[in-house]
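Printed here is query-v5.tsv (TSV, C-alpha atoms):
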chain	number	residue	atom	x	y	z
A	1	MET	CA	-33.87	60.51	-53.32
A	2	ARG	CA	-36.22	57.74	-52.14
A	3	PHE	CA	-34.87	55.47	-54.83
A	4	PHE	CA	-31.34	56.28	-53.69
A	5	ILE	CA	-32.12	55.42	-50.02
A	6	LEU	CA	-33.91	52.24	-51.06
A	7	THR	CA	-30.93	51.20	-53.16
A	8	ILE	CA	-28.60	51.78	-50.21
A	9	LEU	CA	-30.90	49.82	-47.87
A	10	ILE	CA	-31.08	46.91	-50.28
A	11	PHE	CA	-27.31	46.99	-50.71
A	12	VAL	CA	-26.72	47.09	-46.93
A	13	SER	CA	-29.12	44.23	-46.24
A	14	PHE	CA	-27.62	42.20	-49.07
A	15	SER	CA	-24.09	42.63	-47.79
A	16	ALA	CA	-25.23	41.81	-44.24
A	17	ALA	CA	-26.73	38.56	-45.52
A	18	SER	CA	-23.59	37.83	-47.44
A	19	GLU	CA	-21.44	38.38	-44.37
A	20	ASN	CA	-23.58	35.96	-42.40
A	21	GLN	CA	-22.94	33.17	-44.83
A	22	LEU	CA	-19.86	32.08	-42.96
A	23	VAL	CA	-19.68	32.64	-39.22
A	24	LEU	CA	-17.04	31.74	-36.68
A	25	GLU	CA	-18.43	31.51	-33.16
A	26	ASN	CA	-16.44	31.38	-29.91
A	27	GLY	CA	-13.14	31.87	-31.70
A	28	TRP	CA	-10.09	31.62	-29.49
A	29	VAL	CA	-6.38	30.94	-29.62
A	30	ARG	CA	-4.63	28.95	-26.94
A	31	ALA	CA	-2.06	31.16	-25.19
A	32	ALA	CA	1.41	29.70	-25.63
A	33	PRO	CA	4.90	30.38	-24.27
A	34	PRO	CA	6.61	33.36	-25.95
A	35	MET	CA	8.99	31.01	-27.79
A	36	ALA	CA	6.12	29.13	-29.50
A	37	LYS	CA	6.47	28.98	-33.27
A	38	THR	CA	3.02	27.49	-33.77
A	39	LEU	CA	-0.22	28.17	-31.96
A	40	ALA	CA	-3.66	26.62	-32.29
A	41	GLY	CA	-6.93	28.44	-32.87
A	42	TYR	CA	-10.41	27.09	-32.24
A	43	GLY	CA	-14.09	27.96	-32.70
A	44	GLU	CA	-17.18	26.81	-34.56
A	45	LEU	CA	-17.21	27.64	-38.25
A	46	ARG	CA	-20.74	27.63	-39.59
A	47	ASN	CA	-22.00	27.83	-43.14
A	48	GLY	CA	-25.30	29.68	-42.76
A	49	SER	CA	-25.90	30.00	-46.47
A	50	SER	CA	-27.77	27.73	-48.87
A	51	GLN	CA	-24.65	27.08	-50.94
A	52	SER	CA	-21.55	25.00	-50.33
A	53	ILE	CA	-18.54	27.08	-49.38
A	54	SER	CA	-14.99	26.07	-50.19
A	55	ILE	CA	-12.23	27.79	-48.30
A	56	VAL	CA	-9.22	28.24	-50.55
A	57	SER	CA	-6.98	30.34	-48.36
A	58	MET	CA	-6.48	31.40	-44.77
A	59	THR	CA	-4.20	34.21	-43.66
A	60	SER	CA	-3.54	36.35	-40.63
A	61	PRO	CA	-1.52	39.57	-40.46
A	62	PHE	CA	0.00	38.24	-37.20
A	63	PHE	CA	1.32	34.97	-38.68
A	64	LYS	CA	3.35	33.84	-41.63
A	65	ARG	CA	0.85	31.10	-42.44
A	66	VAL	CA	-2.52	29.77	-41.33
A	67	GLU	CA	-3.59	26.21	-42.09
A	68	ALA	CA	-6.43	23.93	-41.06
A	69	HIS	CA	-5.16	20.82	-39.30
A	70	LYS	CA	-6.79	17.82	-37.74
A	71	THR	CA	-5.33	15.93	-34.81
A	72	SER	CA	-6.18	12.30	-34.46
A	73	PHE	CA	-5.23	9.67	-31.94
A	74	VAL	CA	-4.61	6.17	-33.17
A	75	GLY	CA	-3.97	3.91	-30.18
A	76	GLY	CA	-2.36	6.79	-28.29
A	77	MET	CA	-0.31	7.95	-31.26
A	78	MET	CA	-0.89	11.62	-32.00
A	79	LYS	CA	-1.00	12.53	-35.68
A	80	MET	CA	-1.69	15.83	-37.37
A	81	GLN	CA	-3.17	16.04	-40.80
A	82	HIS	CA	-3.19	19.16	-42.97
A	83	ILE	CA	-6.67	19.70	-44.40
A	84	GLU	CA	-6.12	21.29	-47.78
A	85	ASN	CA	-9.66	21.38	-49.11
A	86	MET	CA	-12.14	22.65	-46.62
A	87	GLN	CA	-15.64	22.49	-47.98
A	88	LEU	CA	-18.64	23.32	-45.85
A	89	ASP	CA	-22.02	22.22	-47.13
A	90	PRO	CA	-25.05	24.40	-46.26
A	91	GLY	CA	-25.82	24.34	-42.55
A	92	VAL	CA	-22.65	22.46	-41.69
A	93	VAL	CA	-20.63	23.44	-38.62
A	94	PHE	CA	-16.94	22.58	-38.38
A	95	LYS	CA	-15.99	22.36	-34.74
A	96	PHE	CA	-12.41	23.41	-34.24
A	97	ALA	CA	-11.61	22.12	-30.74
A	98	PRO	CA	-8.55	20.85	-28.82
A	99	GLY	CA	-7.56	17.36	-29.90
A	100	GLY	CA	-9.43	17.66	-33.21
A	101	MET	CA	-9.57	20.27	-35.93
A	102	HIS	CA	-7.70	23.49	-35.33
A	103	PHE	CA	-6.39	26.54	-37.09
A	104	MET	CA	-2.65	26.07	-37.12
A	105	LEU	CA	-1.11	29.52	-36.73
A	106	ILE	CA	2.47	29.32	-37.90
A	107	LYS	CA	5.37	31.68	-37.10
A	108	PRO	CA	3.99	34.71	-35.31
A	109	ASN	CA	5.46	38.06	-36.30
A	110	ARG	CA	4.50	39.74	-33.03
A	111	ALA	CA	3.94	38.81	-29.40
A	112	ILE	CA	0.72	36.82	-29.04
A	113	THR	CA	-0.37	37.81	-25.57
A	114	GLU	CA	-3.47	36.94	-23.57
A	115	ASN	CA	-6.66	38.81	-24.57
A	116	LEU	CA	-5.18	39.85	-27.91
A	117	GLU	CA	-7.65	39.54	-30.81
A	118	VAL	CA	-6.05	37.65	-33.67
A	119	PRO	CA	-7.64	38.42	-37.05
A	120	ILE	CA	-7.85	35.62	-39.57
A	121	HIS	CA	-9.01	36.10	-43.14
A	122	LEU	CA	-10.72	33.27	-44.98
A	123	THR	CA	-11.14	33.43	-48.74
A	124	THR	CA	-13.67	31.28	-50.56
A	125	GLU	CA	-13.38	29.76	-53.99
A	126	LEU	CA	-15.72	32.52	-55.26
A	127	GLY	CA	-13.31	35.15	-54.00
A	128	GLU	CA	-15.41	36.20	-50.98
A	129	LYS	CA	-13.40	37.23	-47.97
A	130	PHE	CA	-14.42	36.75	-44.35
A	131	THR	CA	-12.56	38.10	-41.34
A	132	PHE	CA	-12.87	36.61	-37.87
A	133	HIS	CA	-11.24	37.53	-34.60
A	134	LEU	CA	-9.94	34.90	-32.22
A	135	VAL	CA	-9.23	35.93	-28.64
A	136	VAL	CA	-6.04	34.65	-27.04
A	137	LYS	CA	-6.72	32.89	-23.75
A	138	LYS	CA	-5.31	30.18	-21.53
B	139	MET	CA	29.85	-11.94	24.46
B	140	LYS	CA	30.37	-15.12	22.40
B	141	LYS	CA	27.03	-16.55	23.44
B	142	TYR	CA	25.24	-13.51	21.99
B	143	LEU	CA	26.95	-13.84	18.62
B	144	PRO	CA	24.36	-16.24	17.06
B	145	VAL	CA	21.54	-13.90	18.15
B	146	LEU	CA	23.40	-10.98	16.61
B	147	PHE	CA	23.79	-12.87	13.33
B	148	VAL	CA	20.08	-13.70	13.27
B	149	VAL	CA	19.16	-10.06	13.94
B	150	ILE	CA	21.51	-8.81	11.21
B	151	GLY	CA	20.25	-11.51	8.85
B	152	LEU	CA	16.62	-10.53	9.42
B	153	ALA	CA	17.47	-6.86	9.05
B	154	VAL	CA	18.91	-7.61	5.61
B	155	ILE	CA	16.34	-10.18	4.42
B	156	LEU	CA	13.07	-8.72	5.72
B	157	PRO	CA	13.17	-5.36	3.88
B	158	THR	CA	14.10	-7.16	0.65
B	159	PHE	CA	11.16	-9.50	1.16
B	160	PHE	CA	8.72	-6.65	1.75
B	161	MET	CA	10.12	-4.49	-1.04
B	162	SER	CA	9.79	-7.25	-3.57
B	163	SER	CA	6.23	-8.06	-2.61
B	164	GLU	CA	3.88	-6.78	-5.27
B	165	PRO	CA	0.40	-5.81	-4.10
B	166	GLU	CA	-2.56	-7.27	-5.88
B	167	LYS	CA	-3.17	-5.47	-9.17
B	168	LEU	CA	-5.34	-2.40	-8.72
B	169	GLN	CA	-8.71	-2.67	-10.46
B	170	LEU	CA	-9.74	0.72	-11.76
B	171	PRO	CA	-13.39	1.74	-12.17
B	172	ASP	CA	-14.82	1.27	-15.66
B	173	SER	CA	-15.40	4.99	-15.86
B	174	LEU	CA	-11.64	5.52	-16.09
B	175	LYS	CA	-10.86	4.95	-19.74
B	176	GLY	CA	-7.44	4.59	-21.29
B	177	VAL	CA	-5.52	3.85	-18.07
B	178	PHE	CA	-3.26	0.80	-18.05
B	179	ILE	CA	-1.46	-0.49	-14.96
B	180	ASP	CA	1.80	-2.40	-14.98
B	181	SER	CA	1.85	-5.05	-12.32
B	182	PRO	CA	4.68	-5.57	-11.52
B	183	PRO	CA	6.15	-2.25	-12.68
B	184	MET	CA	7.85	-2.21	-16.08
B	185	PRO	CA	11.61	-1.89	-15.56
B	186	ILE	CA	13.31	1.12	-17.11
B	187	PRO	CA	17.05	0.86	-17.83
B	188	GLU	CA	19.60	3.52	-16.90
B	189	PHE	CA	19.58	6.52	-19.26
B	190	THR	CA	21.11	9.98	-19.40
B	191	LEU	CA	19.20	12.93	-20.80
B	192	THR	CA	19.85	16.66	-20.35
B	193	ASP	CA	17.44	18.77	-18.33
B	194	HIS	CA	16.26	22.34	-18.98
B	195	ASP	CA	19.16	23.69	-16.90
B	196	ASN	CA	21.65	21.77	-19.03
B	197	LYS	CA	22.28	19.27	-16.23
B	198	PRO	CA	22.21	15.48	-16.61
B	199	PHE	CA	18.81	13.93	-16.07
B	200	THR	CA	19.16	10.23	-15.35
B	201	LYS	CA	17.13	7.37	-13.94
B	202	ASN	CA	18.40	8.49	-10.54
B	203	ASN	CA	16.26	11.61	-10.91
B	204	LEU	CA	13.21	9.35	-10.98
B	205	ARG	CA	14.19	7.46	-7.84
B	206	GLY	CA	12.65	8.32	-4.48
B	207	LYS	CA	9.61	10.19	-5.84
B	208	TRP	CA	6.57	9.54	-7.96
B	209	SER	CA	6.82	11.08	-11.42
B	210	LEU	CA	4.39	11.86	-14.21
B	211	VAL	CA	6.17	11.88	-17.55
B	212	PHE	CA	4.89	13.17	-20.87
B	213	PHE	CA	6.70	12.98	-24.22
B	214	GLY	CA	6.18	15.61	-26.90
B	215	PHE	CA	7.79	18.60	-28.59
B	216	THR	CA	7.49	22.30	-27.86
B	217	ASN	CA	6.26	23.20	-31.36
B	218	CYS	CA	3.19	21.07	-30.76
B	219	PRO	CA	0.30	23.55	-30.67
B	220	ASP	CA	-2.74	21.38	-30.02
B	221	VAL	CA	-2.16	18.20	-28.01
B	222	CYS	CA	0.92	18.85	-25.84
B	223	PRO	CA	-0.42	22.09	-24.29
B	224	VAL	CA	-3.61	20.27	-23.26
B	225	SER	CA	-1.70	17.46	-21.54
B	226	MET	CA	0.74	19.92	-19.93
B	227	SER	CA	-2.08	22.06	-18.66
B	228	VAL	CA	-3.85	18.95	-17.30
B	229	LEU	CA	-0.63	18.01	-15.47
B	230	ASN	CA	-0.47	21.50	-13.95
B	231	LYS	CA	-4.03	21.15	-12.67
B	232	VAL	CA	-3.31	17.63	-11.36
B	233	SER	CA	-0.36	19.03	-9.36
B	234	LYS	CA	-2.78	21.29	-7.48
B	235	LEU	CA	-5.34	18.61	-6.62
B	236	GLU	CA	-6.00	17.42	-3.07
B	237	GLY	CA	-4.66	13.92	-2.42
B	238	ILE	CA	-1.81	14.20	-4.91
B	239	PRO	CA	1.65	13.86	-3.31
B	240	LYS	CA	3.24	17.29	-3.26
B	241	ASP	CA	6.68	15.97	-4.13
B	242	THR	CA	5.50	14.43	-7.40
B	243	GLN	CA	7.77	15.33	-10.31
B	244	TYR	CA	6.24	16.43	-13.61
B	245	ILE	CA	8.58	15.80	-16.49
B	246	PHE	CA	8.23	16.82	-20.12
B	247	VAL	CA	10.58	14.88	-22.40
B	248	SER	CA	11.03	16.38	-25.84
B	249	VAL	CA	11.58	13.90	-28.65
B	250	ASP	CA	12.64	16.83	-30.84
B	251	SER	CA	16.08	17.60	-29.42
B	252	LYS	CA	17.14	19.28	-32.66
B	253	ARG	CA	14.82	22.23	-32.03
B	254	ASP	CA	14.19	21.88	-28.31
B	255	LYS	CA	17.37	23.09	-26.67
B	256	PRO	CA	17.46	23.39	-22.85
B	257	GLU	CA	16.60	27.12	-22.76
B	258	LYS	CA	13.59	26.55	-25.01
B	259	LEU	CA	12.48	23.60	-22.88
B	260	LYS	CA	12.76	25.76	-19.78
B	261	GLU	CA	10.54	28.45	-21.25
B	262	PHE	CA	8.03	25.85	-22.40
B	263	VAL	CA	7.68	23.92	-19.14
B	264	SER	CA	7.70	26.99	-16.90
B	265	PHE	CA	4.83	28.45	-18.94
B	266	PHE	CA	2.69	25.66	-17.49
B	267	ASN	CA	4.32	25.36	-14.07
B	268	GLU	CA	7.56	26.79	-12.70
B	269	SER	CA	8.41	23.51	-10.98
B	270	PHE	CA	8.00	21.29	-14.04
B	271	ILE	CA	11.11	19.66	-15.48
B	272	GLY	CA	12.02	19.62	-19.17
B	273	ALA	CA	14.49	17.08	-20.57
B	274	THR	CA	15.71	15.82	-23.89
B	275	GLY	CA	18.66	13.95	-25.35
B	276	THR	CA	20.25	12.36	-28.37
B	277	ALA	CA	18.19	9.83	-30.29
B	278	ALA	CA	20.29	7.03	-28.76
B	279	GLU	CA	19.76	8.22	-25.17
B	280	LEU	CA	16.08	8.95	-25.74
B	281	LYS	CA	15.72	5.44	-27.11
B	282	LYS	CA	16.94	3.89	-23.83
B	283	PHE	CA	14.20	5.65	-21.91
B	284	GLU	CA	11.44	5.52	-24.52
B	285	GLU	CA	11.75	2.08	-25.99
B	286	PRO	CA	10.63	0.13	-22.91
B	287	LEU	CA	7.76	2.60	-22.50
B	288	GLY	CA	6.68	2.03	-26.09
B	289	VAL	CA	7.00	5.67	-27.10
B	290	ILE	CA	7.06	5.78	-30.88
B	291	TYR	CA	7.72	8.99	-32.74
B	292	GLY	CA	8.61	10.17	-36.21
B	293	PHE	CA	9.24	13.33	-38.15
B	294	GLU	CA	7.15	14.52	-41.07
B	295	GLY	CA	8.28	17.14	-43.57
B	296	ASP	CA	11.67	18.64	-44.21
B	297	THR	CA	13.71	18.18	-41.05
B	298	SER	CA	16.43	20.46	-42.41
B	299	SER	CA	13.90	23.32	-42.16
B	300	ASP	CA	12.40	24.38	-38.85
B	301	GLU	CA	8.82	23.63	-39.86
B	302	TYR	CA	8.63	19.86	-39.75
B	303	ASN	CA	6.00	18.09	-37.71
B	304	VAL	CA	6.45	15.39	-35.10
B	305	THR	CA	4.10	12.46	-34.78
B	306	HIS	CA	4.40	10.90	-31.36
B	307	PHE	CA	2.87	8.57	-28.83
B	308	ALA	CA	1.23	10.99	-26.42
B	309	ALA	CA	0.55	8.98	-23.25
B	310	ILE	CA	1.27	10.22	-19.72
B	311	TYR	CA	3.43	7.73	-17.80
B	312	ILE	CA	3.23	7.23	-14.06
B	313	MET	CA	6.62	6.22	-12.69
B	314	ASP	CA	6.93	4.87	-9.16
B	315	PRO	CA	9.76	5.80	-6.74
B	316	THR	CA	11.88	2.89	-8.02
B	317	GLY	CA	12.02	4.79	-11.31
B	318	ASN	CA	9.99	2.16	-13.15
B	319	GLN	CA	6.73	2.42	-15.06
B	320	ARG	CA	3.66	1.81	-12.92
B	321	ALA	CA	0.98	2.90	-15.40
B	322	TYR	CA	0.26	4.89	-18.52
B	323	ILE	CA	-2.69	6.99	-19.56
B	324	LEU	CA	-3.70	7.37	-23.20
B	325	PRO	CA	-4.71	10.71	-24.70
B	326	PRO	CA	-6.81	12.78	-25.04
B	327	HIS	CA	-6.18	13.73	-21.41
B	328	SER	CA	-8.59	15.37	-19.01
B	329	LEU	CA	-8.13	16.53	-15.44
B	330	ALA	CA	-10.81	14.09	-14.20
B	331	GLN	CA	-9.13	11.11	-15.91
B	332	VAL	CA	-5.48	11.80	-15.05
B	333	GLY	CA	-6.17	13.18	-11.55
B	334	GLU	CA	-8.39	10.29	-10.50
B	335	ALA	CA	-6.13	7.62	-12.03
B	336	TYR	CA	-3.01	8.99	-10.37
B	337	LYS	CA	-4.73	9.35	-6.97
B	338	LEU	CA	-5.97	5.75	-7.02
B	339	ILE	CA	-2.66	4.35	-8.27
B	340	TYR	CA	-0.62	6.32	-5.74
B	341	GLN	CA	-2.88	5.30	-2.83
B	342	HIS	CA	-2.75	1.64	-3.84
B	343	TYR	CA	0.96	1.29	-4.56
B	344	LYS	CA	2.61	3.85	-2.28
Write the structure described by the file as structure tokens, please.
Amino acid sequence: MRFFILTILIFVSFSAASENQLVLENGWVRAAPPMAKTLAGYGELRNGSSQSISIVSMTSPFFKRVEAHKTSFVGGMMKMQHIENMQLDPGVVFKFAPGGMHFMLIKPNRAITENLEVPIHLTTELGEKFTFHLVVKK
Amino acid sequence: MKKYLPVLFVVIGLAVILPTFFMSSEPEKLQLPDSLKGVFIDSPPMPIPEFTLTDHDNKPFTKNNLRGKWSLVFFGFTNCPDVCPVSMSVLNKVSKLEGIPKDTQYIFVSVDSKRDKPEKLKEFVSFFNESFIGATGTAAELKKFEEPLGVIYGFEGDTSSDEYNVTHFAAIYIMDPTGNQRAYILPPHSLAQVGEAYKLIYQHYK
């Protein structure tokens, strides 16, 4: 019995550590008019593990597609670049903030109203899945 | 009566000439504090030719709509999720600041008229402020308004689908009551930058 409990404890602590490898803090989505076909999500994505993490896919049950994009201004010209390979080295924090990197949430399949929590699922190259919730706010 | 005629001519002459003289006089160029970055003043104002766009109520929106009031104009597209909402929300906050003329017009011009039909524009602008104006037009009409302002834009991706992206010059333009460009403010926009710049420019050139 003791062995069984110990095994469970080890398993629980291991999975907790694994879940903390990738953390999204202060996740939010900018509220948009009901007609909006694309919305932007923000937050700080942190790799708390000792390994590099490559994100190979991003999805959300509320959107057709989720992509990482980066806005840049070149002499007042606004450009958006799709970031296809997102690799976070150990300890690195990607700041997704207005006017910079953002989660591009494409084609909502439901109303995205204020205070709604939008789940996004990130899958790493090793097949690990992380789910984060981004709160819709103005 | 005849002896008063020359006096009458002089009075009428002055009444015609004096306002023209004062209207054409350009004040000394406003020097903005160094803390205000990305704000460029046109002295004298940059002339804008006549143009005809369509507003969010499907009515013509022409240069005449710019005359008689100060206007803040921003070019973008409604599918823009990151930059345009920030600038629009800054404009909404500017409209509520003390010292900002209450009859200022806030105009969003979509460069993506294929997707941004008037009803969509209306929903977009009113999300930020019910009194904001949305306008768009054919590429040829947009060009008349945008070219002198230096607004460059382009489409990326498959424009026959509805998922293409628009790259665009994202400045906010300050138009004076003659309907000409008095200044422009480069992005990224903040309330402090746009609010302060507009206040100073309005006070100096009103």
Restrict the calculation to all atoms listed in the file, then for each residue of chain A with any atom at most 12 Å from an atom of chain B give the closest atom pair and their distance in Å to one decimal, rows by chain and rising residue number, as a tab-separated table.
residue	atom	partner	partner_atom	distance
A:Val29	CA	B:Pro219	CA	10.0
A:Arg30	CA	B:Pro219	CA	8.2
A:Ala31	CA	B:Pro223	CA	9.3
A:Ala32	CA	B:Phe265	CA	7.6
A:Pro33	CA	B:Phe265	CA	5.7
A:Pro34	CA	B:Glu261	CA	7.9
A:Met35	CA	B:Lys258	CA	7.0
A:Ala36	CA	B:Asn217	CA	6.2
A:Lys37	CA	B:Asn217	CA	6.1
A:Thr38	CA	B:Pro219	CA	5.7
A:Leu39	CA	B:Pro219	CA	4.8
A:Ala40	CA	B:Pro219	CA	5.3
A:Gly41	CA	B:Asp220	CA	8.7
A:Tyr42	CA	B:Asp220	CA	9.8
A:Lys64	CA	B:Glu301	CA	11.7
A:Arg65	CA	B:Glu301	CA	11.2
A:Ala68	CA	B:Asp220	CA	11.9
A:His69	CA	B:Asp220	CA	9.6
A:Lys70	CA	B:Asp220	CA	9.4
A:Thr71	CA	B:Asp220	CA	7.7
A:Ser72	CA	B:Pro326	CA	9.5
A:Phe73	CA	B:Pro325	CA	7.3
A:Val74	CA	B:Phe307	CA	9.0
A:Gly75	CA	B:Leu324	CA	7.8
A:Gly76	CA	B:Leu324	CA	5.3
A:Met77	CA	B:Phe307	CA	4.0
A:Met78	CA	B:His306	CA	5.4
A:Lys79	CA	B:Thr305	CA	5.2
A:Met80	CA	B:Thr305	CA	7.2
A:Gln81	CA	B:Asn303	CA	9.9
A:His82	CA	B:Asn303	CA	10.6
A:Phe96	CA	B:Asp220	CA	10.7
A:Ala97	CA	B:Asp220	CA	8.9
A:Pro98	CA	B:Asp220	CA	6.0
A:Gly99	CA	B:Val221	CA	5.8
A:Gly100	CA	B:Asp220	CA	8.3
A:Met101	CA	B:Asp220	CA	9.1
A:His102	CA	B:Asp220	CA	7.6
A:Phe103	CA	B:Asp220	CA	9.5
A:Met104	CA	B:Pro219	CA	7.5
A:Leu105	CA	B:Pro219	CA	8.6
A:Ile106	CA	B:Glu301	CA	8.7
A:Lys107	CA	B:Glu301	CA	9.2
A:Lys138	CA	B:Ser227	CA	9.2
Using Å and a single decimal, report how far atom CA of Gly237 of chain B sits from atom CA of Leu329 of chain B.
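The value is 13.7 Å.
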Can you tell me how far atom CA of Lys260 of chain B sits from atom CA of Phe246 of chain B, in Å to one decimal?
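Between atom CA of Lys260 of chain B and atom CA of Phe246 of chain B the gap is 10.0 Å.
Counting from atom CA of Gly317 of chain B, the distance to atom CA of Glu166 of chain B is 19.7 Å.
Comparing the minimum interatomic distances between Glu25 of chain A and each of A:Phe62, A:Phe132, A:Thr123, A:Ile55, counting all atoms listed in the file, we find that A:Phe132 sits nearest.
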Please determine the residues with any atom at most 9 Å from (-11.0, 33.8, -41.5) (coordinates as given in the file, with only C-alpha atoms counting) and report them as a list in words.
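Within the cut-off we find Leu24, Ser57, Met58, Thr59, Ser60, Pro119, Ile120, His121, Leu122, Thr123, Lys129, Phe130, Thr131, Phe132 and His133 of chain A.
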Tell me which protein, DNA and RNA residues are within 8 Å of segment 83-93 of chain A, counting all atoms listed in the file, leaving out same-chain ones fewer than 2 positions away, and put them as a ChimeraX atom specification.
/A:44-56,67-70,81,95
Give me the residues within 9 Å of Tyr322 of chain B as number ranges by chain, counting only C-alpha atoms and dropping any in the same chain fewer than 6 places off.
B: 176-180, 287, 309-313
If we count only C-alpha atoms and set the cut-off at 12 Å, which residues sit around Glu334 of chain B, ignoring sequence neighbours fewer than 4 positions away in its own chain? Please answer as a list in words.
Leu170, Pro171, Ser173, Leu174, Lys175, Val177, Val228, Lys231, Val232, Ser233, Leu235, Glu236, Gly237, Ile238, Ile323, His327, Ser328, Leu329, Ala330, Leu338, Ile339, Tyr340 and Gln341 of chain B
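Take the candidates B:Phe215, B:Phe270, B:Phe283, B:Tyr244 and check each one against Lys201 of chain B using all atoms listed in the file; the shortest distance goes to B:Phe283.
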Counting all atoms listed in the file, find residues at most 12 Å from (16.8, 8.2, -9.0) (file frame) and give them as a PyMOL selection string.
chain B and resi 186-190+198-209+243+313-318
Out of B:His342, B:Asp241, B:Tyr302, B:Thr297, which residue has the shortest atom-to-atom distance to Pro165 of chain B when counting all atoms listed in the file?
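Between B:His342, B:Asp241, B:Tyr302, B:Thr297, the residue approaching Pro165 of chain B most closely is B:His342.
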